[in-house]
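Asks: The structure that follows is given in the form of structure tokens.
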Amino acid sequence: MQDSPTPATLASAIADLLKREFLPNLTDHLAFQTRVAINALDLIARQTSTQAATDAAECARLVALLKHEGALAELNAELARKIADGELDLATPGLAEHLWATTLEKLAVDQPNYASYRAEIARK
């Protein structure tokens with residue numbers, strides 16, 4: 001276990017510093033590049049703070065679908081192969097729900113302000 005601050009906390013602090021102290025004083029290309037860096041740091045913070053939980057949830061869903069244990073990457077590869085081979089499709093119990101939950105977990109990290117994502121989360 002790592003001591004504080006966590007990687008997510010550090011990334012957020014750096015992003016906040018860039019937003020507050022540097023971005024207002026920059027123009028044109030350097031301001032754009034700084035916004036890109038801020039977005040990357042924010043993504044890192046979101047991913048590191050949620051990855052363990054979302055990976056565990058995704059793995060549990062895959063174990064239920066595939067009916068055996070395994071590493072997340074191996075289970076995902078098997079799922080993709082079975083979908084490609086036609087062994088599994090949207091009529092397979094739990095598959096659509098798994099795909100939707102995984103999509104929402106990815107959007108929470110990649111695009112948490114995406115209007116359709118926010119509407120779906122509000123709907124739940």
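To be explicit about the labels: the chains of the structure tokens are called A, B, and onward in the order shown, and within each one the residues are counted from 1, while ligands get numbers from 1 in the order they are shown.
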Do a neighbour search on Ala108 of chain A at 10 Å with only C-alpha atoms, toss out local chain neighbours closer than 5 positions, and write the hits as a list in words.

Replies: Leu43, Arg46, Gln47, Thr50, Thr102, Thr103, Asn113, Tyr114, Tyr117, Arg118 and Ile121 of chain A

Asks: Have a look at atom CA of Arg35 of chain A and atom CA of Lys106 of chain A and let me know their distance in Å, one decimal.

Replies: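 It comes out at 21.2 Å.
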
Asks: If we count only C-alpha atoms, what is near segment 74-84 of chain A at a cut-off of 12 Å, once residues fewer than 3 positions away on the same chain are taken out, given as a list in words?

Replies: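 Neighbouring residues, sequence-local ones excluded: Asp55, Glu58, Cys59, Ala60, Arg61, Leu62, Val63, Ala64, Leu65, Leu66, Lys67, His68, Glu69, Gly70, Ala71, Glu87, Leu88, Asp89, Leu90, Ala91, Thr92, Leu95, Ala96, His98, Leu99 and Thr102 of chain A.
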
Asks: According to DSSP computed on the backbone, where in chain A is there helix (DSSP H, G or I)? Give the residues as an MDAnalysis selection string.

Replies: chainID A and resid 7:25 28:66 72:84 95:110 115:123

Asks: Separation of atom CA of Thr54 of chain A and atom CA of Thr9 of chain A, in Å?

Replies: 18.5 Å

Asks: I'd like the interatomic distance between atom CA of Phe22 of chain A and atom CA of Leu41 of chain A, to a tenth of an Å.

Replies: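 Between atom CA of Phe22 of chain A and atom CA of Leu41 of chain A the gap works out to 14.7 Å.
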
Asks: What are the closest atom pairs, with distances in Å to one decimal, for all residues of segment 35-123 of chain A lying within 10 Å of segment 11-14 of chain A? Consider only C-alpha atoms, order rows by chain and residue number, and present the result as a Markdown table.

Replies:
| residue | atom | partner | partner_atom | distance |
| --- | --- | --- | --- | --- |
| A:Ala37 | CA | A:Ile14 | CA | 9.8 |
| A:Ile38 | CA | A:Ile14 | CA | 8.0 |
| A:Ala40 | CA | A:Ala11 | CA | 9.0 |
| A:Leu41 | CA | A:Ala11 | CA | 5.2 |
| A:Asp42 | CA | A:Ser12 | CA | 6.1 |
| A:Leu43 | CA | A:Ala11 | CA | 8.8 |
| A:Ile44 | CA | A:Ala11 | CA | 6.7 |
| A:Ala45 | CA | A:Ala11 | CA | 5.5 |
| A:Arg46 | CA | A:Ser12 | CA | 8.9 |
| A:Thr48 | CA | A:Ala11 | CA | 9.5 |
